[in-house]
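This is my_file35.cif. It holds mmCIF, C-alpha atoms.
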```
data_data
#
loop_
_atom_site.label_atom_id
_atom_site.label_comp_id
_atom_site.auth_asym_id
_atom_site.auth_seq_id
_atom_site.Cartn_x
_atom_site.Cartn_y
_atom_site.Cartn_z
CA MET A 20 -22.21 -9.71 23.48
CA ARG A 21 -20.55 -7.79 26.32
CA GLY A 22 -22.70 -4.66 26.12
CA ALA A 23 -21.43 -2.59 23.21
CA LYS A 24 -17.74 -2.79 24.09
CA SER A 25 -16.59 -6.21 22.87
CA PHE A 26 -17.80 -9.57 21.62
CA ASN A 27 -17.73 -13.05 23.04
CA THR A 28 -16.49 -15.61 20.52
CA GLU A 29 -20.00 -16.98 20.08
CA ASP A 30 -21.16 -13.53 18.92
CA LEU A 31 -18.94 -13.62 15.83
CA VAL A 32 -19.87 -14.96 12.41
CA PRO A 33 -17.77 -16.89 9.85
CA GLU A 34 -16.79 -14.12 7.48
CA VAL A 35 -13.80 -11.86 6.87
CA GLY A 36 -13.73 -8.06 6.83
CA ILE A 37 -11.13 -6.18 4.78
CA ALA A 38 -10.03 -2.56 5.22
CA VAL A 39 -8.70 -0.44 2.36
CA GLY A 40 -8.30 3.30 2.13
CA VAL A 41 -5.25 4.25 0.06
CA ARG A 42 -4.00 3.23 -3.37
CA PRO A 43 -1.40 0.64 -2.24
CA GLY A 44 -3.99 -1.06 -0.04
CA ILE A 45 -6.49 -1.33 -2.89
CA VAL A 46 -3.81 -2.84 -5.14
CA MET A 47 -2.56 -5.16 -2.38
CA PHE A 48 -5.98 -6.56 -1.58
CA ALA A 49 -7.24 -6.86 -5.17
CA PRO A 50 -5.84 -10.39 -5.72
CA VAL A 51 -6.96 -11.38 -2.20
CA VAL A 52 -10.54 -10.28 -2.91
CA HIS A 53 -10.50 -12.09 -6.25
CA GLU A 54 -9.27 -15.25 -4.53
CA PHE A 55 -11.93 -14.95 -1.81
CA ARG A 56 -14.58 -14.62 -4.50
CA ARG A 57 -13.21 -17.63 -6.38
CA ARG A 58 -13.34 -19.71 -3.20
CA ARG A 59 -16.72 -18.21 -2.23
CA LEU A 60 -15.38 -17.15 1.16
CA PRO A 61 -17.80 -14.79 2.93
CA HIS A 62 -16.25 -11.33 3.11
CA PHE A 63 -16.92 -7.60 2.93
CA VAL A 64 -14.77 -4.57 2.15
CA ILE A 65 -14.68 -1.28 4.04
CA HIS A 66 -13.23 1.70 2.17
CA THR A 67 -12.19 4.35 4.67
CA ALA A 68 -11.67 6.97 1.90
CA GLN A 69 -8.45 8.10 3.58
CA HIS A 70 -7.38 9.19 0.11
CA TYR A 71 -10.02 10.07 -2.41
CA SER A 72 -9.97 11.27 -6.01
CA PRO A 73 -11.51 9.58 -9.06
CA ASN A 74 -8.09 8.54 -10.40
CA MET A 75 -6.59 7.52 -7.06
CA ASP A 76 -9.68 5.65 -5.90
CA ALA A 77 -12.75 4.71 -7.96
CA GLN A 78 -10.78 4.13 -11.14
CA PHE A 79 -8.53 1.65 -9.32
CA PHE A 80 -11.56 -0.49 -8.53
CA ASP A 81 -12.54 -0.44 -12.21
CA ASP A 82 -8.99 -1.12 -13.42
CA LEU A 83 -8.57 -4.01 -11.00
CA GLU A 84 -12.03 -5.40 -11.87
CA LEU A 85 -13.13 -5.20 -8.25
CA PRO A 86 -16.72 -4.81 -7.09
CA ALA A 87 -17.55 -1.55 -5.34
CA PRO A 88 -16.69 -1.64 -1.62
CA ASP A 89 -19.52 -2.70 0.65
CA TYR A 90 -18.99 0.31 2.91
CA ARG A 91 -17.43 3.74 2.42
CA LEU A 92 -16.73 6.13 5.28
CA ARG A 93 -17.42 9.84 4.95
CA GLY A 94 -15.50 12.88 6.09
CA VAL A 95 -12.11 11.20 6.58
CA ALA A 96 -10.22 13.15 3.93
CA LYS A 97 -11.29 16.44 5.57
CA LYS A 98 -9.33 15.65 8.73
CA ARG A 99 -5.97 17.39 8.81
CA THR A 100 -4.20 15.55 11.66
CA HIS A 101 -3.20 11.93 12.20
CA GLY A 102 -5.25 11.80 15.38
CA GLY A 103 -8.36 13.28 13.82
CA GLN A 104 -8.13 11.07 10.75
CA THR A 105 -7.46 7.91 12.73
CA ALA A 106 -10.24 8.71 15.21
CA VAL A 107 -12.97 9.16 12.61
CA MET A 108 -11.91 5.97 10.82
CA LEU A 109 -11.76 4.05 14.10
CA GLU A 110 -15.29 5.09 14.95
CA GLY A 111 -16.61 4.39 11.45
CA ILE A 112 -15.01 0.95 11.18
CA GLU A 113 -16.15 0.03 14.69
CA ARG A 114 -19.74 0.86 13.79
CA ILE A 115 -19.59 -1.50 10.81
CA LEU A 116 -17.88 -4.26 12.78
CA LEU A 117 -20.55 -4.04 15.46
CA GLU A 118 -23.10 -4.73 12.73
CA ARG A 119 -21.22 -7.42 10.78
CA ARG A 120 -19.28 -9.20 13.57
CA PRO A 121 -16.68 -10.97 11.37
CA CYS A 122 -14.39 -13.55 12.96
CA LEU A 123 -11.37 -12.09 11.12
CA PHE A 124 -10.49 -8.56 10.00
CA LEU A 125 -7.65 -7.99 7.50
CA VAL A 126 -5.57 -4.84 7.19
CA GLY A 127 -2.53 -4.36 4.96
CA GLY A 128 0.46 -2.04 5.06
CA ASP A 129 1.18 1.03 7.18
CA ALA A 130 -1.44 3.71 6.46
CA ASN A 131 -3.64 5.22 9.17
CA THR A 132 -6.51 3.19 7.68
CA ASN A 133 -4.84 0.00 8.86
CA LEU A 134 -4.10 1.27 12.34
CA ALA A 135 -7.72 2.35 12.76
CA GLY A 136 -9.02 -0.97 11.43
CA ALA A 137 -6.72 -3.05 13.59
CA LEU A 138 -7.58 -1.08 16.74
CA ALA A 139 -11.33 -1.26 16.07
CA ALA A 140 -11.21 -5.03 15.61
CA ARG A 141 -8.84 -5.64 18.53
CA LYS A 142 -11.07 -3.70 20.97
CA LEU A 143 -14.08 -5.77 19.87
CA ARG A 144 -12.13 -9.04 20.29
CA ILE A 145 -12.24 -9.73 16.56
CA SER A 146 -9.07 -11.41 15.29
CA VAL A 147 -6.76 -9.14 13.31
CA GLY A 148 -4.70 -10.26 10.31
CA HIS A 149 -1.92 -7.94 9.11
CA VAL A 150 -0.78 -8.35 5.51
CA GLU A 151 2.76 -7.04 4.90
CA ALA A 152 3.65 -7.53 8.56
CA GLY A 153 7.17 -7.31 9.93
CA GLU A 154 8.56 -4.60 7.67
CA ARG A 155 10.66 -1.96 9.41
CA SER A 156 12.40 1.23 8.26
CA HIS A 157 13.73 1.82 11.81
CA ASP A 158 12.95 5.52 11.34
CA TRP A 159 10.83 6.52 14.33
CA ARG A 160 10.12 9.92 12.78
CA MET A 161 7.82 8.28 10.23
CA PRO A 162 4.14 7.85 11.18
CA GLU A 163 4.06 4.77 8.95
CA GLU A 164 6.67 3.14 11.17
CA HIS A 165 4.59 3.77 14.29
CA ASN A 166 1.58 2.24 12.56
CA ARG A 167 3.43 -0.91 11.48
CA VAL A 168 4.80 -1.61 14.92
CA VAL A 169 1.49 -1.08 16.70
CA ILE A 170 -0.48 -3.15 14.18
CA ASP A 171 1.95 -6.05 14.38
CA HIS A 172 1.77 -6.14 18.15
CA ILE A 173 -2.04 -6.29 18.25
CA SER A 174 -2.45 -8.76 15.36
CA ASP A 175 -3.40 -12.42 15.74
CA PHE A 176 -2.16 -13.43 12.28
CA LEU A 177 0.91 -11.87 10.69
CA PHE A 178 1.29 -12.38 6.93
CA VAL A 179 4.96 -11.72 6.21
CA THR A 180 6.78 -11.10 2.94
CA SER A 181 10.16 -12.67 3.79
CA GLU A 182 12.39 -14.18 6.48
CA ARG A 183 13.67 -10.71 7.36
CA GLY A 184 10.15 -9.75 8.44
CA VAL A 185 9.97 -12.88 10.58
CA GLU A 186 13.26 -11.93 12.26
CA ASN A 187 11.92 -8.44 13.02
CA LEU A 188 8.74 -9.84 14.56
CA ARG A 189 10.53 -12.44 16.66
CA ARG A 190 13.01 -9.86 17.89
CA GLU A 191 10.11 -7.71 19.08
CA GLY A 192 8.30 -10.65 20.69
CA VAL A 193 4.93 -10.32 18.93
CA ARG A 194 2.08 -12.54 20.13
CA GLY A 195 0.50 -13.43 16.78
CA GLU A 196 0.81 -16.44 14.51
CA ILE A 197 3.42 -15.74 11.78
CA HIS A 198 3.01 -16.93 8.18
CA ILE A 199 5.49 -16.27 5.36
CA VAL A 200 3.30 -15.83 2.28
CA GLY A 201 5.11 -13.28 0.11
CA ASN A 202 3.42 -10.05 -0.85
CA PRO A 203 0.16 -9.80 -2.84
CA ILE A 204 1.60 -6.70 -4.53
CA VAL A 205 3.53 -9.22 -6.66
CA ASP A 206 0.33 -11.06 -7.52
CA ALA A 207 -1.38 -7.82 -8.52
CA SER A 208 1.51 -6.44 -10.59
CA LEU A 209 2.15 -9.66 -12.48
CA GLN A 210 -1.53 -10.42 -13.04
CA HIS A 211 -2.35 -6.98 -14.39
CA LEU A 212 0.70 -6.15 -16.50
CA ASP A 213 -0.63 -7.80 -19.68
CA LEU A 214 -3.97 -6.07 -19.16
CA ALA A 215 -2.19 -2.74 -18.72
CA MET A 216 -0.17 -3.21 -21.87
CA ARG A 217 -3.34 -3.99 -23.85
CA LYS A 218 -5.66 -1.37 -22.43
CA SER A 219 -3.48 1.61 -21.53
CA ASP A 220 -2.45 4.20 -24.10
CA ALA A 221 -0.58 6.27 -21.51
CA LEU A 222 2.76 6.28 -23.34
CA ARG A 223 1.14 7.55 -26.54
CA ARG A 224 -1.01 10.01 -24.62
CA PHE A 225 1.99 11.61 -22.93
CA GLY A 226 4.33 11.32 -25.93
CA LEU A 227 6.78 8.95 -24.24
CA GLU A 228 9.18 6.40 -25.74
CA PRO A 229 10.01 3.22 -23.82
CA ARG A 230 13.20 3.54 -21.68
CA ARG A 231 13.55 7.23 -22.58
CA TYR A 232 11.76 8.59 -19.55
CA ALA A 233 11.53 8.34 -15.76
CA ILE A 234 8.53 8.28 -13.41
CA LEU A 235 8.44 10.44 -10.28
CA THR A 236 6.06 10.01 -7.33
CA MET A 237 6.15 11.88 -4.00
CA HIS A 238 3.59 11.91 -1.20
CA ARG A 239 5.31 11.30 2.18
CA GLU A 240 4.63 14.14 4.58
CA GLU A 241 8.27 14.47 5.59
CA ASN A 242 8.99 15.34 1.94
CA VAL A 243 5.99 17.20 0.59
CA ASP A 244 4.94 19.09 3.73
CA ASP A 245 8.29 20.85 3.87
CA ASP A 246 8.84 23.55 1.24
CA ALA A 247 12.63 23.17 1.19
CA SER A 248 12.64 19.36 0.99
CA LEU A 249 10.09 19.32 -1.79
CA ARG A 250 11.97 21.93 -3.82
CA ARG A 251 15.35 20.25 -3.33
CA ALA A 252 14.04 16.83 -4.32
CA LEU A 253 12.50 18.19 -7.50
CA GLU A 254 15.70 20.08 -8.34
CA GLY A 255 17.70 16.87 -7.93
CA VAL A 256 15.35 14.86 -10.14
CA SER A 257 15.45 17.55 -12.82
CA ALA A 258 19.27 17.68 -12.75
CA ALA A 259 19.48 13.88 -13.04
CA ALA A 260 17.06 13.88 -15.96
CA GLN A 261 19.14 16.47 -17.79
CA GLU A 262 22.37 14.54 -17.33
CA LEU A 263 20.77 11.21 -18.33
CA ASP A 264 18.79 12.74 -21.21
CA LEU A 265 15.43 11.62 -19.83
CA ARG A 266 12.00 13.13 -19.59
CA VAL A 267 10.35 12.88 -16.16
CA LEU A 268 6.62 12.32 -15.84
CA PHE A 269 5.32 13.35 -12.43
CA PRO A 270 1.78 12.01 -11.73
CA ALA A 271 1.28 14.08 -8.62
CA HIS A 272 -0.60 12.75 -5.62
CA PRO A 273 -3.50 15.05 -4.59
CA ARG A 274 -1.67 15.81 -1.32
CA THR A 275 1.44 16.85 -3.27
CA LEU A 276 -0.48 19.02 -5.71
CA LYS A 277 -2.11 20.79 -2.79
CA ARG A 278 1.28 21.48 -1.18
CA LEU A 279 2.76 22.74 -4.46
CA GLN A 280 -0.13 25.17 -4.67
CA GLU A 281 0.14 26.25 -1.01
CA PHE A 282 3.90 26.83 -1.35
CA GLY A 283 3.45 28.81 -4.59
CA LEU A 284 5.59 26.28 -6.48
CA LEU A 285 3.27 25.49 -9.39
CA PRO A 286 4.76 28.17 -11.71
CA TRP A 287 8.26 27.13 -10.65
CA ILE A 288 7.73 23.42 -11.31
CA ALA A 289 6.12 24.22 -14.66
CA SER A 290 9.43 25.76 -15.72
CA LEU A 291 11.62 23.00 -14.24
CA PRO A 292 13.66 21.38 -17.04
CA ARG A 293 12.61 17.87 -18.14
CA VAL A 294 9.78 17.54 -15.54
CA THR A 295 6.14 17.29 -16.64
CA THR A 296 3.57 17.37 -13.83
CA ILE A 297 0.19 15.72 -14.38
CA GLU A 298 -2.70 14.67 -12.16
CA ALA A 299 -2.64 11.16 -10.72
CA VAL A 300 -3.48 8.41 -13.22
CA GLY A 301 -5.34 5.12 -12.84
CA TYR A 302 -3.64 1.89 -11.88
CA LEU A 303 -3.39 0.36 -15.37
CA ASP A 304 -1.96 3.58 -16.79
CA PHE A 305 0.53 3.80 -13.93
CA LEU A 306 1.56 0.17 -14.32
CA ALA A 307 2.10 0.60 -18.07
CA LEU A 308 4.16 3.75 -17.49
CA LEU A 309 6.20 2.13 -14.72
CA ALA A 310 6.97 -1.06 -16.64
CA LYS A 311 8.40 0.85 -19.64
CA ALA A 312 10.31 3.51 -17.67
CA ARG A 313 14.09 3.61 -17.45
CA LEU A 314 14.14 4.92 -13.89
CA VAL A 315 11.72 5.57 -11.04
CA PHE A 316 12.12 8.31 -8.44
CA THR A 317 9.80 7.78 -5.48
CA ASP A 318 9.23 8.01 -1.74
CA SER A 319 6.52 5.32 -1.86
CA GLY A 320 7.10 1.87 -0.42
CA GLY A 321 4.62 0.34 -2.86
CA VAL A 322 6.27 1.93 -5.90
CA GLN A 323 9.68 0.69 -4.72
CA GLN A 324 8.23 -2.83 -4.72
CA GLU A 325 6.54 -2.50 -8.09
CA ALA A 326 9.67 -1.06 -9.71
CA CYS A 327 11.67 -4.01 -8.37
CA ILE A 328 9.06 -6.51 -9.59
CA HIS A 329 9.21 -5.08 -13.13
CA ARG A 330 13.00 -4.68 -13.01
CA VAL A 331 13.04 -0.91 -13.30
CA SER A 332 15.85 0.72 -11.31
CA CYS A 333 14.62 2.90 -8.46
CA VAL A 334 15.93 5.98 -6.67
CA THR A 335 14.19 6.36 -3.31
CA LEU A 336 13.76 9.94 -2.09
CA ARG A 337 14.15 8.94 1.55
CA ASP A 338 17.09 8.26 3.86
CA ASN A 339 15.83 4.75 4.64
CA THR A 340 13.43 2.11 3.40
CA GLU A 341 11.45 -0.74 4.89
CA TRP A 342 12.25 -2.71 1.71
CA ILE A 343 15.90 -3.35 2.54
CA GLU A 344 15.94 -6.34 0.15
CA THR A 345 15.74 -3.94 -2.80
CA LEU A 346 18.99 -2.29 -1.68
CA ARG A 347 20.78 -5.59 -1.19
CA ILE A 348 20.01 -6.83 -4.71
CA GLY A 349 20.91 -3.54 -6.40
CA ALA A 350 17.38 -2.62 -7.48
CA ASN A 351 17.15 0.52 -5.35
CA GLN A 352 19.33 3.44 -4.28
CA LEU A 353 18.65 5.72 -1.29
CA ALA A 354 19.05 9.42 -1.98
CA GLY A 355 16.94 11.44 0.45
CA CYS A 356 16.03 14.90 -0.87
CA ASP A 357 19.57 16.18 -1.41
CA PRO A 358 20.09 17.16 -5.08
CA GLN A 359 23.66 15.88 -5.25
CA ARG A 360 22.74 12.54 -3.68
CA ILE A 361 19.82 12.20 -6.07
CA LEU A 362 22.11 12.90 -9.02
CA ALA A 363 24.70 10.33 -7.90
CA ALA A 364 22.03 7.73 -7.07
CA ALA A 365 20.39 8.21 -10.47
CA HIS A 366 23.67 7.51 -12.26
CA GLU A 367 24.23 4.41 -10.14
CA ALA A 368 20.67 3.18 -10.68
CA ASP A 369 20.89 3.77 -14.42
CA ALA A 370 24.07 1.69 -14.64
CA ALA A 371 22.67 -1.23 -12.62
CA GLU A 372 22.14 -4.67 -14.13
CA ARG A 373 18.42 -5.46 -14.13
CA ASN A 374 18.52 -9.21 -13.66
CA TRP A 375 17.95 -9.19 -9.90
CA PRO A 376 15.84 -11.92 -8.25
CA LEU A 377 12.38 -10.99 -6.97
CA PRO A 378 12.48 -10.74 -3.14
CA PHE A 379 8.74 -10.46 -2.49
CA GLY A 380 7.47 -13.96 -3.18
CA ASP A 381 6.37 -15.98 -6.18
CA GLY A 382 2.95 -14.48 -6.86
CA THR A 383 0.98 -16.91 -4.68
CA ALA A 384 0.47 -14.65 -1.63
CA ALA A 385 -3.24 -14.15 -2.25
CA ARG A 386 -3.87 -17.88 -2.46
CA GLN A 387 -1.98 -18.49 0.77
CA ILE A 388 -3.79 -15.68 2.64
CA ALA A 389 -7.13 -16.99 1.38
CA ALA A 390 -6.27 -20.56 2.43
CA ILE A 391 -5.38 -19.45 5.97
CA SER A 392 -8.51 -17.29 6.15
CA GLU A 393 -10.54 -20.28 4.99
CA ARG A 394 -9.06 -22.35 7.83
CA ILE A 395 -9.98 -19.64 10.33
CA ILE A 396 -13.54 -19.51 9.05
CA ALA A 397 -13.80 -23.30 9.14
CA ALA A 398 -12.52 -23.34 12.72
CA HIS A 399 -15.30 -21.00 13.69
CA ARG A 400 -17.79 -23.68 12.60
CA ALA A 401 -20.83 -21.44 12.85
CA PRO A 402 -24.19 -22.17 11.22
CA PRO A 403 -25.81 -19.45 9.09
CA ILE A 404 -27.14 -16.47 11.03
CA GLY A 405 -30.67 -17.21 12.20
CA ALA A 406 -30.22 -20.99 12.30
CA GLY A 407 -30.61 -20.93 16.06
CA ALA A 408 -27.61 -23.10 16.97
CA SER A 409 -24.78 -21.82 19.15
CA ARG A 410 -21.56 -20.81 17.47
CA ASP A 411 -18.24 -22.46 18.36
CA LEU A 412 -15.14 -20.37 17.65
CA ARG A 413 -11.80 -22.12 18.02
CA ILE A 414 -9.34 -19.61 16.59
CA CYS A 415 -10.98 -16.19 16.32
#
```

Take the structure I supplied and represent it as structure tokens, if you would.
Amino acid sequence: MRGAKSFNTEDLVPEVGIAVGVRPGIVMFAPVVHEFRRRRLPHFVIHTAQHYSPNMDAQFFDDLELPAPDYRLRGVAKKRTHGGQTAVMLEGIERILLERRPCLFLVGGDANTNLAGALAARKLRISVGHVEAGERSHDWRMPEEHNRVVIDHISDFLFVTSERGVENLRREGVRGEIHIVGNPIVDASLQHLDLAMRKSDALRRFGLEPRRYAILTMHREENVDDDASLRRALEGVSAAAQELDLRVLFPAHPRTLKRLQEFGLLPWIASLPRVTTIEAVGYLDFLALLAKARLVFTDSGGVQQEACIHRVSCVTLRDNTEWIETLRIGANQLAGCDPQRILAAAHEADAAERNWPLPFGDGTAARQIAAISERIIAAHRAPPIGAGASRDLRIC
């Protein structure tokens, strides 16, 4: 080991670390973890707790039949800035990596969790694998876009959803090894839909009829941290629901609920026609609600994907999306937070044919990621810790 700053290859051990910290990351890595367990690949999971609430966090692990994470960081959710949040996660992940010394560390998506994990591993000379690499919104105002670009450029293995992602990466001249595997979000959604339909009573609980309601999610800071944008988006969704004769169920992200309270909007939204605000629900409940909805209004990249997978038309409350494929196949309409655009987009989405092809892979992403990880571990060719032989690392 080079002091405490970085590892030599012989210092690393043949196992894989995985970082999660927000709902989409937990969902994304669930099928990967299950496949690792099936193959008996050595691995551990770090939960940064970037987002934490029982419904947004612990219940997801139960719903997805995942074991509890091996490590959970403390104090991350208390940080109020990107720098503060990323810094405390970087330090916490580094501390764990110094102890475990995996030959590969996987991050997935665009949250600060993934930037912190990728940086911690890169500085220690641990190979980084980025799941959902190559996606671009081309909106430099978005912190998620900064994260994606940085992570891709410091990753050794780039697990890409489609050819468009490969084109983005090649255009930018990344150094890592590119693999088109699809997206494990597809694996997770398809694998758990039957379970959700059997176990969730969310429609009955909220008095909803299939195809007679819409789902709304909002959490992006450019939307919910601005009083005017948040109000205008909600007004547009309410107007669309009235014209289309739909109820809107709004499982509000903890960040969004906090902003509604800070802005004094809770009484106002309670009186907003057709919109019912509830606390965030667990994954199986959300999947059941999503699959039976007529429309989805969202600013979430993950929800855009899941809506497309289950052939539910989506209105995206942003001016751009990293999931351009959903626009090209007619599964998604961009509306921003302008009420008139939201109204027009909702009518267009409601009229769309729902027979589009799935653009995110065939549901085998987890198996492909596990197979490549298995090859990396095998290339390390290390004996068990304590065996006394030197370790030979070829790829990591």

Any idea what the distance is between atom CA of A:Glu186 and atom CA of A:Ala371? 28.7 Å

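What separates atom CA of A:Cys122 from atom CA of A:Glu34 is a distance of 6.0 Å.
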
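Closest approach to A:Phe225 among A:Thr180, A:Asn187, A:Gln324, A:Thr295: A:Thr295, based on only C-alpha atoms.
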
I'd like the contact shell of A:Val168 - 9 Å cut-off, only C-alpha atoms, skipping same-chain residues fewer than 5 positions apart - returned as number ranges by chain. A: 129, 152-155, 163, 173

Quick one: contact table of stretch 57-145 of chain A to stretch 375-389 of chain A, 10 Å max, nearest atom pair and distance in Å to one decimal per residue, counting all atoms listed in the file, chain and number order, as a tab-separated table?
```
residue	atom	partner	partner_atom	distance
A:Arg57	CA	A:Ala389	CA	9.9
A:Arg58	CA	A:Ala389	CA	8.2
A:Leu60	CA	A:Ala389	CA	8.3
A:Leu125	CA	A:Ile388	CA	9.9
```

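Near A:Gly301, within a cut-off of 12 Å and counting all atoms listed in the file, sit the residues Arg42, Ile45, Val46, Ser72, Pro73, Asn74, Met75, Asp76, Ala77, Gln78, Phe79, Phe80, Asp81, Asp82, Leu83, Ala215, Lys218, Ser219, Asp220, Ala221, Pro270, Ala271, His272, Glu298, Asp304, Phe305, Leu306, Ala307 and Leu308 of chain A, with same-chain residues fewer than 3 positions away left out.
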
Based on the selection just made, write C-alpha atoms of those residues as an mmCIF file, in the coordinates of the input.
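Saved result, out-v1.cif, follows:
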```cif
data_model
loop_
_atom_site.group_PDB
_atom_site.id
_atom_site.type_symbol
_atom_site.label_atom_id
_atom_site.label_comp_id
_atom_site.auth_asym_id
_atom_site.auth_seq_id
_atom_site.Cartn_x
_atom_site.Cartn_y
_atom_site.Cartn_z
ATOM 1 C CA ARG A 42 -4.000 3.230 -3.370
ATOM 2 C CA ILE A 45 -6.490 -1.330 -2.890
ATOM 3 C CA VAL A 46 -3.810 -2.840 -5.140
ATOM 4 C CA SER A 72 -9.970 11.270 -6.010
ATOM 5 C CA PRO A 73 -11.510 9.580 -9.060
ATOM 6 C CA ASN A 74 -8.090 8.540 -10.400
ATOM 7 C CA MET A 75 -6.590 7.520 -7.060
ATOM 8 C CA ASP A 76 -9.680 5.650 -5.900
ATOM 9 C CA ALA A 77 -12.750 4.710 -7.960
ATOM 10 C CA GLN A 78 -10.780 4.130 -11.140
ATOM 11 C CA PHE A 79 -8.530 1.650 -9.320
ATOM 12 C CA PHE A 80 -11.560 -0.490 -8.530
ATOM 13 C CA ASP A 81 -12.540 -0.440 -12.210
ATOM 14 C CA ASP A 82 -8.990 -1.120 -13.420
ATOM 15 C CA LEU A 83 -8.570 -4.010 -11.000
ATOM 16 C CA ALA A 215 -2.190 -2.740 -18.720
ATOM 17 C CA LYS A 218 -5.660 -1.370 -22.430
ATOM 18 C CA SER A 219 -3.480 1.610 -21.530
ATOM 19 C CA ASP A 220 -2.450 4.200 -24.100
ATOM 20 C CA ALA A 221 -0.580 6.270 -21.510
ATOM 21 C CA PRO A 270 1.780 12.010 -11.730
ATOM 22 C CA ALA A 271 1.280 14.080 -8.620
ATOM 23 C CA HIS A 272 -0.600 12.750 -5.620
ATOM 24 C CA GLU A 298 -2.700 14.670 -12.160
ATOM 25 C CA ASP A 304 -1.960 3.580 -16.790
ATOM 26 C CA PHE A 305 0.530 3.800 -13.930
ATOM 27 C CA LEU A 306 1.560 0.170 -14.320
ATOM 28 C CA ALA A 307 2.100 0.600 -18.070
ATOM 29 C CA LEU A 308 4.160 3.750 -17.490
#
```

Selection result of the PyMOL selection byres ((chain A and resi 43) around 9) on this file, as a ChimeraX atom specification: /A:39-42,44-48,127-128,204,320-322

Explicit residue set for the PyMOL selection byres ((chain A and resi 88) around 8), as a PyMOL selection string: chain A and resi 63-66+86-87+89-91

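Near (7.4, 2.5, -8.0), the residues inside the 10 Å limit, counting only C-alpha atoms, come to A:Ile234, A:Leu235, A:Thr236, A:Phe305, A:Leu306, A:Leu309, A:Ala310, A:Leu314, A:Val315, A:Phe316, A:Thr317, A:Asp318, A:Ser319, A:Gly320, A:Gly321, A:Val322, A:Gln323, A:Gln324, A:Glu325, A:Ala326, A:Cys327, A:Ile328, A:His329, A:Val331, A:Ser332, A:Cys333, A:Val334, A:Thr335.
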
Could you list, as a PyMOL selection string, every residue within 7 Å of stretch 103-118 of chain A, counting only C-alpha atoms and ignoring same-chain residues fewer than 5 positions away? chain A and resi 67+92+95+98+131-132+135-136+139

What separation in Å, quoted to one decimal, exists between atom CA of A:His399 and atom CA of A:Val35? 11.5 Å

From the list A:Phe282, A:Glu341, A:Gly148, A:Leu303, which residue is nearest A:Arg217 when using all atoms listed in the file? A:Leu303

Nearest to A:His149, chosen from A:Asp30, A:Asp213, A:Ala38, A:Arg231, with only C-alpha atoms counted in the distances: A:Ala38
